[in-house]
$ cat work16.cif   # mmCIF, C-alpha atoms
data_final
#
loop_
_atom_site.label_atom_id
_atom_site.label_comp_id
_atom_site.auth_asym_id
_atom_site.auth_seq_id
_atom_site.Cartn_x
_atom_site.Cartn_y
_atom_site.Cartn_z
CA MET E 1 45.65 -1.96 -10.87
CA LYS E 2 44.67 -3.24 -14.32
CA ILE E 3 43.49 -6.53 -12.81
CA HIS E 4 41.29 -4.64 -10.38
CA ASN E 5 39.82 -2.59 -13.22
CA LEU E 6 39.11 -5.71 -15.27
CA LEU E 7 37.49 -7.36 -12.26
CA PHE E 8 35.28 -4.30 -11.71
CA VAL E 9 34.23 -4.20 -15.36
CA GLY E 10 33.46 -7.91 -15.26
CA LEU E 11 31.31 -7.61 -12.15
CA LEU E 12 29.50 -4.59 -13.57
CA SER E 13 28.77 -6.48 -16.78
CA LEU E 14 27.44 -9.43 -14.80
CA PHE E 15 25.19 -7.13 -12.75
CA ILE E 16 23.75 -5.53 -15.89
CA GLN E 17 23.09 -8.96 -17.42
CA CYS E 18 21.31 -10.06 -14.26
CA GLN E 19 19.17 -6.90 -14.28
CA ASN E 20 18.09 -7.51 -17.87
CA HIS E 21 17.59 -11.26 -17.59
CA THR E 22 14.06 -12.59 -17.40
CA VAL E 23 13.01 -12.65 -13.78
CA THR E 24 11.93 -16.01 -12.43
CA THR E 25 9.43 -16.62 -9.66
CA LEU E 26 10.47 -17.51 -6.14
CA GLY E 27 8.81 -20.19 -4.04
CA ASP E 28 5.33 -21.43 -4.78
CA ARG E 29 3.33 -18.79 -6.58
CA TRP E 30 -0.37 -19.54 -6.66
CA SER E 31 -1.75 -21.02 -9.85
CA GLU E 32 -4.27 -18.97 -11.81
CA GLU E 33 -6.95 -21.47 -10.78
CA LYS E 34 -6.19 -21.02 -7.09
CA ALA E 35 -6.20 -17.23 -7.43
CA TRP E 36 -9.60 -17.27 -9.12
CA GLU E 37 -10.97 -19.64 -6.46
CA TRP E 38 -9.86 -17.11 -3.84
CA HIS E 39 -11.55 -14.33 -5.79
CA LYS E 40 -14.78 -16.30 -6.07
CA GLU E 41 -14.74 -17.05 -2.34
CA ASN E 42 -14.18 -13.41 -1.32
CA GLY E 43 -16.24 -11.65 -3.96
CA TRP E 44 -16.15 -8.00 -5.00
CA ARG E 45 -15.13 -5.77 -2.10
CA VAL E 46 -14.76 -2.03 -1.69
CA GLY E 47 -13.11 -0.21 1.17
CA THR E 48 -10.44 2.25 2.13
CA ASN E 49 -6.82 2.63 3.08
CA PHE E 50 -7.54 2.96 6.77
CA ASN E 51 -5.62 5.17 9.18
CA PRO E 52 -7.51 6.59 12.19
CA SER E 53 -7.91 10.36 12.16
CA THR E 54 -5.88 10.64 15.39
CA ALA E 55 -2.74 9.06 13.86
CA ILE E 56 -0.34 10.92 11.57
CA ASN E 57 1.33 7.73 10.34
CA GLN E 58 1.77 3.98 10.80
CA LEU E 59 3.84 4.42 13.98
CA GLU E 60 1.31 6.60 15.75
CA PHE E 61 -1.42 4.18 14.66
CA PHE E 62 0.12 1.16 16.39
CA GLN E 63 2.52 2.35 19.11
CA GLU E 64 1.20 1.49 22.56
CA ALA E 65 1.05 5.10 23.80
CA THR E 66 -1.08 6.27 20.87
CA PHE E 67 -3.06 3.17 19.88
CA ASP E 68 -6.55 4.70 19.91
CA ILE E 69 -8.96 1.79 19.85
CA GLU E 70 -11.94 4.01 20.68
CA THR E 71 -11.43 6.11 17.55
CA ILE E 72 -10.59 3.02 15.51
CA ASP E 73 -13.85 1.34 16.58
CA ARG E 74 -15.94 4.42 15.85
CA GLU E 75 -14.43 5.02 12.42
CA LEU E 76 -14.62 1.35 11.44
CA SER E 77 -18.32 1.46 12.25
CA TRP E 78 -18.73 4.41 9.89
CA SER E 79 -16.96 2.44 7.19
CA ALA E 80 -19.32 -0.49 7.68
CA ASP E 81 -22.29 1.90 7.55
CA LEU E 82 -21.27 2.74 3.99
CA GLY E 83 -21.07 -0.93 3.04
CA MET E 84 -17.28 -1.11 2.98
CA SER E 85 -15.91 -4.58 3.62
CA ILE E 86 -12.14 -4.33 3.17
CA HIS E 87 -9.40 -2.10 4.55
CA ARG E 88 -5.76 -1.76 3.62
CA VAL E 89 -3.62 -1.08 6.70
CA TYR E 90 0.05 -0.06 6.80
CA LEU E 91 2.44 -1.60 9.32
CA HIS E 92 6.07 -0.76 10.17
CA ASN E 93 9.19 -2.77 11.01
CA LEU E 94 10.11 -0.41 13.87
CA LEU E 95 6.94 -1.43 15.68
CA TRP E 96 8.18 -5.02 15.69
CA ASP E 97 11.64 -3.96 16.86
CA GLN E 98 10.16 -1.88 19.64
CA ASP E 99 7.85 -4.52 21.12
CA SER E 100 6.95 -7.48 18.90
CA ILE E 101 4.51 -9.07 21.38
CA GLY E 102 2.73 -5.81 22.14
CA PHE E 103 2.59 -5.00 18.43
CA LEU E 104 1.00 -8.34 17.60
CA ASN E 105 -1.49 -7.88 20.43
CA ARG E 106 -2.51 -4.50 19.06
CA LEU E 107 -2.91 -5.99 15.59
CA GLU E 108 -5.14 -8.62 17.19
CA ASP E 109 -7.19 -5.84 18.81
CA TYR E 110 -7.52 -4.09 15.47
CA LEU E 111 -8.61 -7.29 13.73
CA LYS E 112 -11.12 -8.13 16.46
CA THR E 113 -12.68 -4.72 15.95
CA SER E 114 -12.69 -4.95 12.17
CA GLU E 115 -14.20 -8.44 12.36
CA LYS E 116 -17.02 -7.01 14.46
CA TYR E 117 -17.92 -4.89 11.46
CA LYS E 118 -17.32 -7.70 8.92
CA ILE E 119 -14.32 -5.90 7.41
CA LYS E 120 -11.40 -7.89 5.99
CA THR E 121 -7.85 -6.50 6.15
CA MET E 122 -4.98 -6.33 3.70
CA PHE E 123 -1.76 -5.58 5.59
CA VAL E 124 1.05 -3.58 3.95
CA LEU E 125 4.48 -4.56 5.26
CA LEU E 126 6.90 -2.07 3.69
CA ASP E 127 6.62 1.35 2.04
CA ASP E 128 8.97 3.63 0.05
CA VAL E 129 6.81 6.77 0.28
CA TRP E 130 7.42 10.14 1.98
CA ASN E 131 9.84 10.57 4.92
CA PRO E 132 12.93 8.30 4.59
CA SER E 133 13.91 8.76 8.24
CA PRO E 134 11.32 7.07 10.51
CA LYS E 135 11.76 7.29 14.28
CA LEU E 136 9.96 5.61 17.16
CA GLY E 137 8.42 7.60 20.00
CA PRO E 138 6.22 10.69 19.81
CA GLN E 139 5.50 11.60 16.22
CA PRO E 140 5.57 15.17 14.85
CA GLU E 141 2.49 17.30 14.75
CA PRO E 142 1.07 17.84 11.25
CA ILE E 143 2.42 20.72 9.22
CA PRO E 144 -0.72 22.83 8.67
CA TYR E 145 -2.27 22.50 5.23
CA VAL E 146 0.41 20.04 4.00
CA HIS E 147 -0.54 16.63 2.58
CA ASN E 148 0.78 13.66 4.62
CA SER E 149 3.53 15.70 6.27
CA GLY E 150 4.24 13.00 8.87
CA TRP E 151 4.05 9.77 6.84
CA VAL E 152 7.18 7.63 7.05
CA GLN E 153 8.88 5.02 4.91
CA ALA E 154 9.44 1.46 6.06
CA PRO E 155 12.18 0.51 6.61
CA GLY E 156 13.60 3.91 5.67
CA ALA E 157 16.91 4.96 4.17
CA LYS E 158 19.30 3.68 6.85
CA ILE E 159 18.31 0.04 6.41
CA LEU E 160 17.13 0.13 2.79
CA GLY E 161 20.31 1.83 1.60
CA ASP E 162 22.60 -0.74 3.25
CA SER E 163 22.03 -4.18 1.73
CA LEU E 164 24.02 -5.74 4.58
CA ARG E 165 21.22 -4.62 6.93
CA HIS E 166 18.30 -5.99 4.93
CA HIS E 167 18.38 -9.17 7.02
CA GLU E 168 17.28 -7.07 10.03
CA LEU E 169 13.78 -7.11 8.52
CA LYS E 170 13.51 -10.89 8.29
CA ASN E 171 12.09 -11.49 11.77
CA TYR E 172 9.53 -8.72 11.29
CA ILE E 173 8.35 -9.98 7.91
CA LYS E 174 8.22 -13.63 8.85
CA GLY E 175 6.95 -12.98 12.37
CA VAL E 176 3.91 -10.94 11.32
CA VAL E 177 3.03 -13.14 8.35
CA GLN E 178 3.45 -16.35 10.37
CA HIS E 179 1.21 -15.03 13.16
CA PHE E 180 -1.66 -14.34 10.76
CA ALA E 181 -0.84 -16.91 8.06
CA ASN E 182 -4.12 -18.79 8.54
CA ASP E 183 -6.25 -15.95 9.85
CA LYS E 184 -9.49 -15.49 7.89
CA ARG E 185 -9.65 -11.84 8.97
CA VAL E 186 -6.60 -11.14 6.80
CA ILE E 187 -7.56 -11.29 3.15
CA ALA E 188 -4.18 -10.66 1.48
CA TRP E 189 -0.64 -9.38 1.99
CA ASP E 190 0.67 -6.30 0.18
CA LEU E 191 4.40 -6.80 0.64
CA TYR E 192 5.84 -3.47 -0.47
CA ASN E 193 4.03 -0.24 -1.29
CA GLU E 194 5.40 1.77 -4.21
CA PRO E 195 8.98 0.48 -4.26
CA ASP E 196 11.40 2.99 -5.82
CA ASN E 197 9.26 5.98 -4.89
CA VAL E 198 11.80 8.75 -4.23
CA ALA E 199 10.90 11.65 -1.91
CA THR E 200 11.40 14.97 -3.69
CA GLN E 201 9.63 17.20 -1.17
CA PRO E 202 11.50 20.06 0.52
CA GLY E 203 13.09 18.76 3.70
CA LEU E 204 12.86 15.11 2.62
CA ALA E 205 14.80 14.94 -0.64
CA ASP E 206 18.17 15.35 1.12
CA LEU E 207 17.39 12.31 3.30
CA GLU E 208 16.84 9.95 0.36
CA ILE E 209 19.37 7.35 -0.72
CA GLN E 210 21.02 7.39 -4.13
CA ASP E 211 20.19 4.64 -6.63
CA LYS E 212 17.09 3.68 -4.66
CA TYR E 213 15.84 1.39 -7.42
CA ILE E 214 18.75 -1.01 -6.87
CA TYR E 215 18.15 -1.29 -3.14
CA SER E 216 14.36 -1.57 -3.37
CA TYR E 217 14.67 -4.29 -5.99
CA SER E 218 17.20 -6.16 -3.87
CA LEU E 219 15.01 -5.94 -0.78
CA ILE E 220 11.74 -6.92 -2.43
CA LYS E 221 13.30 -10.16 -3.68
CA LYS E 222 14.31 -11.04 -0.13
CA VAL E 223 10.87 -10.18 1.21
CA VAL E 224 9.12 -12.44 -1.31
CA ARG E 225 11.47 -15.28 -0.40
CA TRP E 226 10.81 -14.85 3.34
CA VAL E 227 7.03 -14.76 2.84
CA ARG E 228 7.04 -17.78 0.53
CA GLU E 229 8.96 -19.68 3.21
CA VAL E 230 6.06 -18.99 5.59
CA ASN E 231 3.55 -19.98 2.87
CA PRO E 232 0.50 -18.06 4.14
CA SER E 233 -3.00 -19.14 3.21
CA GLN E 234 -3.67 -15.66 1.82
CA PRO E 235 -2.36 -14.36 -1.54
CA ILE E 236 0.52 -11.94 -1.80
CA THR E 237 0.68 -8.93 -4.08
CA MET E 238 2.86 -5.94 -4.94
CA GLY E 239 1.10 -3.10 -6.71
CA LEU E 240 2.17 -1.54 -9.98
CA TRP E 241 2.22 2.23 -9.73
CA LYS E 242 5.15 3.68 -11.71
CA GLY E 243 5.96 4.25 -15.36
CA ASP E 244 4.07 4.10 -18.62
CA HIS E 245 0.82 2.27 -17.89
CA THR E 246 0.36 1.39 -21.56
CA ILE E 247 3.12 -1.25 -21.20
CA TRP E 248 1.91 -2.63 -17.86
CA GLY E 249 0.36 -5.59 -19.64
CA SER E 250 3.55 -6.47 -21.55
CA ILE E 251 5.80 -8.38 -19.16
CA GLU E 252 8.84 -8.16 -21.43
CA LYS E 253 8.64 -4.35 -21.58
CA LEU E 254 8.61 -3.80 -17.82
CA ARG E 255 11.68 -2.88 -15.81
CA PRO E 256 13.10 -5.84 -13.88
CA LEU E 257 11.57 -4.54 -10.63
CA GLU E 258 8.04 -4.30 -11.98
CA ARG E 259 8.45 -7.56 -13.90
CA PHE E 260 9.43 -9.28 -10.67
CA MET E 261 6.43 -7.76 -8.86
CA VAL E 262 4.00 -9.10 -11.46
CA GLN E 263 5.61 -12.52 -11.79
CA ASN E 264 5.59 -13.04 -8.02
CA SER E 265 2.11 -11.71 -7.20
CA ASP E 266 -0.69 -14.22 -6.68
CA VAL E 267 -3.25 -11.51 -7.47
CA ILE E 268 -2.32 -8.43 -9.50
CA SER E 269 -2.68 -5.05 -7.79
CA PHE E 270 -2.22 -1.51 -9.01
CA HIS E 271 -2.73 2.15 -8.15
CA SER E 272 -4.79 4.58 -10.22
CA TYR E 273 -5.29 8.17 -9.19
CA ASP E 274 -6.33 8.83 -12.77
CA ASP E 275 -9.47 9.72 -14.64
CA PRO E 276 -11.79 7.00 -15.98
CA LYS E 277 -10.07 6.83 -19.38
CA VAL E 278 -6.60 6.09 -17.99
CA THR E 279 -8.00 3.81 -15.29
CA ALA E 280 -9.82 1.78 -17.96
CA GLU E 281 -6.58 1.54 -19.96
CA LYS E 282 -4.76 0.20 -16.90
CA ILE E 283 -7.47 -2.39 -16.33
CA GLU E 284 -7.36 -3.61 -19.93
CA ALA E 285 -3.57 -3.86 -19.86
CA LEU E 286 -3.50 -5.84 -16.61
CA LYS E 287 -6.16 -8.29 -17.78
CA ASN E 288 -3.37 -9.81 -19.88
CA TYR E 289 -2.08 -11.57 -16.76
CA GLN E 290 -5.36 -13.49 -16.39
CA ARG E 291 -5.46 -13.12 -12.62
CA PRO E 292 -7.82 -11.29 -10.24
CA LEU E 293 -7.15 -7.56 -10.09
CA PHE E 294 -7.03 -5.31 -7.02
CA CYS E 295 -6.86 -1.52 -7.07
CA THR E 296 -5.16 -0.79 -3.77
CA GLU E 297 -5.18 3.01 -4.14
CA TYR E 298 -7.48 5.41 -5.97
CA LEU E 299 -9.54 8.60 -5.39
CA ALA E 300 -7.95 11.93 -6.20
CA ARG E 301 -10.92 14.17 -6.89
CA THR E 302 -8.80 17.00 -8.26
CA ASN E 303 -7.32 14.52 -10.76
CA GLY E 304 -10.70 13.36 -12.02
CA SER E 305 -10.62 10.20 -9.90
CA THR E 306 -13.98 10.17 -8.10
CA PHE E 307 -16.18 7.46 -6.65
CA GLU E 308 -18.96 8.14 -9.14
CA ASP E 309 -16.64 7.87 -12.14
CA ILE E 310 -14.30 5.08 -11.04
CA LEU E 311 -16.35 2.61 -8.99
CA PRO E 312 -18.57 1.57 -11.93
CA LEU E 313 -15.42 0.51 -13.79
CA PHE E 314 -14.30 -1.58 -10.83
CA GLU E 315 -17.74 -3.15 -10.38
CA GLU E 316 -18.04 -3.99 -14.07
CA ASN E 317 -14.65 -5.71 -14.01
CA GLN E 318 -15.06 -7.16 -10.48
CA ILE E 319 -11.95 -5.37 -9.24
CA SER E 320 -11.90 -4.98 -5.48
CA ALA E 321 -10.70 -1.50 -4.58
CA MET E 322 -9.59 0.68 -1.69
CA ASN E 323 -9.56 4.45 -1.93
CA TRP E 324 -7.01 6.57 -0.09
CA GLY E 325 -8.25 8.16 3.12
CA PHE E 326 -11.36 7.89 5.22
CA VAL E 327 -11.75 10.36 8.11
CA ALA E 328 -9.88 13.62 7.64
CA GLY E 329 -7.36 14.05 10.43
CA LYS E 330 -3.67 14.30 11.15
CA THR E 331 -2.58 13.07 7.71
CA ASN E 332 -4.06 16.20 6.06
CA THR E 333 -4.80 14.24 2.91
CA ILE E 334 -7.76 16.44 2.05
CA PHE E 335 -5.00 18.68 0.66
CA PRO E 336 -3.41 17.79 -2.70
CA TRP E 337 0.15 16.55 -3.24
CA SER E 338 1.01 20.02 -4.53
CA SER E 339 0.62 21.39 -0.99
CA TRP E 340 4.27 20.42 -0.42
CA THR E 341 5.33 23.24 -2.72
CA GLU E 342 2.18 25.35 -3.12
CA LYS E 343 0.99 27.35 -0.10
CA PHE E 344 -2.49 26.70 1.29
CA ASP E 345 -4.09 28.64 4.15
CA SER E 346 -7.56 27.10 4.32
CA MET E 347 -9.45 23.91 3.57
CA PRO E 348 -9.67 23.22 -0.17
CA LYS E 349 -13.07 23.50 -1.79
CA ILE E 350 -12.60 20.06 -3.34
CA TRP E 351 -10.96 17.51 -1.06
CA HIS E 352 -8.14 15.51 -2.62
CA HIS E 353 -8.73 12.34 -0.53
CA ASP E 354 -10.87 11.37 2.50
CA ILE E 355 -14.62 11.10 2.98
CA TYR E 356 -15.67 12.30 6.47
CA ARG E 357 -14.73 14.93 9.02
CA PRO E 358 -14.10 13.67 12.58
CA ASP E 359 -17.71 14.52 13.52
CA LYS E 360 -18.92 12.30 10.63
CA SER E 361 -20.05 15.22 8.50
CA PRO E 362 -19.04 14.27 4.94
CA PHE E 363 -17.21 16.12 2.23
CA SER E 364 -20.23 15.40 0.05
CA GLU E 365 -23.68 14.14 1.04
CA GLN E 366 -24.23 13.17 -2.59
CA GLU E 367 -21.09 11.04 -2.49
CA ILE E 368 -22.27 9.26 0.67
CA SER E 369 -25.64 8.51 -0.94
CA TYR E 370 -23.87 7.14 -3.99
CA LEU E 371 -21.56 4.89 -1.97
CA LYS E 372 -24.46 3.48 0.05
CA SER E 373 -26.50 2.82 -3.07
CA MET E 374 -23.51 1.10 -4.69
CA LEU E 375 -22.25 -0.92 -1.72
CA LEU E 376 -25.27 -1.71 0.46
CA ASN E 377 -27.37 -3.09 -2.39
CA GLN E 378 -25.01 -5.91 -3.31
CA ASP E 379 -26.34 -9.47 -3.31
#
$ encode --input "work16.cif" --output "structure tokens"
Amino acid sequence: MKIHNLLFVGLLSLFIQCQNHTVTTLGDRWSEEKAWEWHKENGWRVGTNFNPSTAINQLEFFQEATFDIETIDRELSWSADLGMSIHRVYLHNLLWDQDSIGFLNRLEDYLKTSEKYKIKTMFVLLDDVWNPSPKLGPQPEPIPYVHNSGWVQAPGAKILGDSLRHHELKNYIKGVVQHFANDKRVIAWDLYNEPDNVATQPGLADLEIQDKYIYSYSLIKKVVRWVREVNPSQPITMGLWKGDHTIWGSIEKLRPLERFMVQNSDVISFHSYDDPKVTAEKIEALKNYQRPLFCTEYLARTNGSTFEDILPLFEENQISAMNWGFVAGKTNTIFPWSSWTEKFDSMPKIWHHDIYRPDKSPFSEQEISYLKSMLLNQD
């Protein structure tokens, strides 16, 4: 019994040392010079996190029965009308498991359509946000007035919380990246959205795994290794989103997870649903890494994050950026995050995210005029 206890203590000590040890890069990370060449080639781009208004989540977006290319085409054209030239698009491992060939074909159809409108795509492979229990097949109807009530995590708790099952994602990760590894329509790979985001919403919190940080950190290291083995022509990134942003620029002060994300990203990405002051602080901190910066999520009007206040910061610093939400629809992201616990019974006066209604009437005509003046007048 004593031997077993000593062995346990020894293994625990080793684990803690590994967690605190300086994280090293895996594979061939791009040099700073290569990253800046990529930035120069692609220029400053603005766009949106794109999900068609008829899809409640990633599964409904790309499953065969609900893949709505007509709506996708129409809404992509509206994006191009504003001068947007980049979209961030979420994928899901269950789509690969369900029908890998059909899934890739639908991704091809999406990219053909986006190319028609001169829009580049950043694919997101995994996600730790919202419902930890994704399921294939018909997706739930939106809960009225509730923000993102049907969004699902990828891979979800069952696989993420069992490290012996992480290998089940390898074919998905490598298969998708390999297929588009030299595709000019794909501008970058976002490997893992908001790792260690824990669902606390009523109805979801009980589905979450314990000690999520450990499992997300374990998985993200595997994902980077798999992608580096493919060696795509596009850069990879993993966006900072959690914790004290004032230390984001100090690699030694970051948790091992965030340190790993920075040290293994070719271009540095981040989220900022904050006002201009905090957003500017994030930008200054991340400049320490001397690599191109990408803001992969912003726009929360009720937080003081608006196009008029934030885009000038991104233009000045040549930070390509994608706001959350485009056409208001099944995701209900015009409602704030607080709608999970605070009751709403009508459309909010100020939309949290999104730009248009499904008939193309905007939340704000003034906002549309501003976006066109900002994005259509570029050299």
$ atom_distance --input "work16.cif" --atom1 "atom CA of E:Glu297" --atom2 "atom CA of E:His166"
26.7 Å
$ closest_residue --input "work16.cif" --among "E:Ala328, E:His92, E:Phe260, E:Ser163" --to "E:Arg357" --atoms "all atoms listed in the file"
E:Ala328
$ atom_distance --input "work16.cif" --atom1 "atom CA of E:Glu281" --atom2 "atom CA of E:Ser265"
20.3 Å
$ atom_distance --input "work16.cif" --atom1 "atom CA of E:Glu229" --atom2 "atom CA of E:Leu104"
20.0 Å
$ resolve_selection --input "work16.cif" --expression "the PyMOL selection byres ((chain E and resi 251-255) around 12)" --output "PyMOL selection string"
chain E and resi 19-24+196+213-214+217+240-250+256-263+285-286+288-289
$ resolve_selection --input "work16.cif" --expression "the PyMOL selection byres ((chain E and resi 144-152) around 8)" --output "JSON, numbers by chain"
{"E": [56, 57, 58, 129, 130, 131, 132, 133, 134, 139, 140, 141, 142, 143, 153, 154, 156, 330, 331, 332, 333, 334, 335, 336, 337, 339, 340, 343, 344, 345, 346, 347]}
$ closest_residue --input "work16.cif" --among "E:Ser269, E:Asn264, E:Asn49, E:Ser79" --to "E:Ser31" --atoms "only C-alpha atoms"
E:Asn264
$ residues_around --input "work16.cif" --residues "stretch 309-321 of chain E" --least-positions-apart "2" --cutoff "9 Å" --atoms "all atoms listed in the file" --output "count of residues only"
27
$ closest_residue --input "work16.cif" --among "E:Glu33, E:Ala205, E:Asn171, E:Val327" --to "E:Val230" --atoms "all atoms listed in the file"
E:Asn171
$ closest_residue --input "work16.cif" --among "E:Lys287, E:Lys34, E:Lys40, E:Lys135" --to "E:Leu59" --atoms "all atoms listed in the file"
E:Lys135
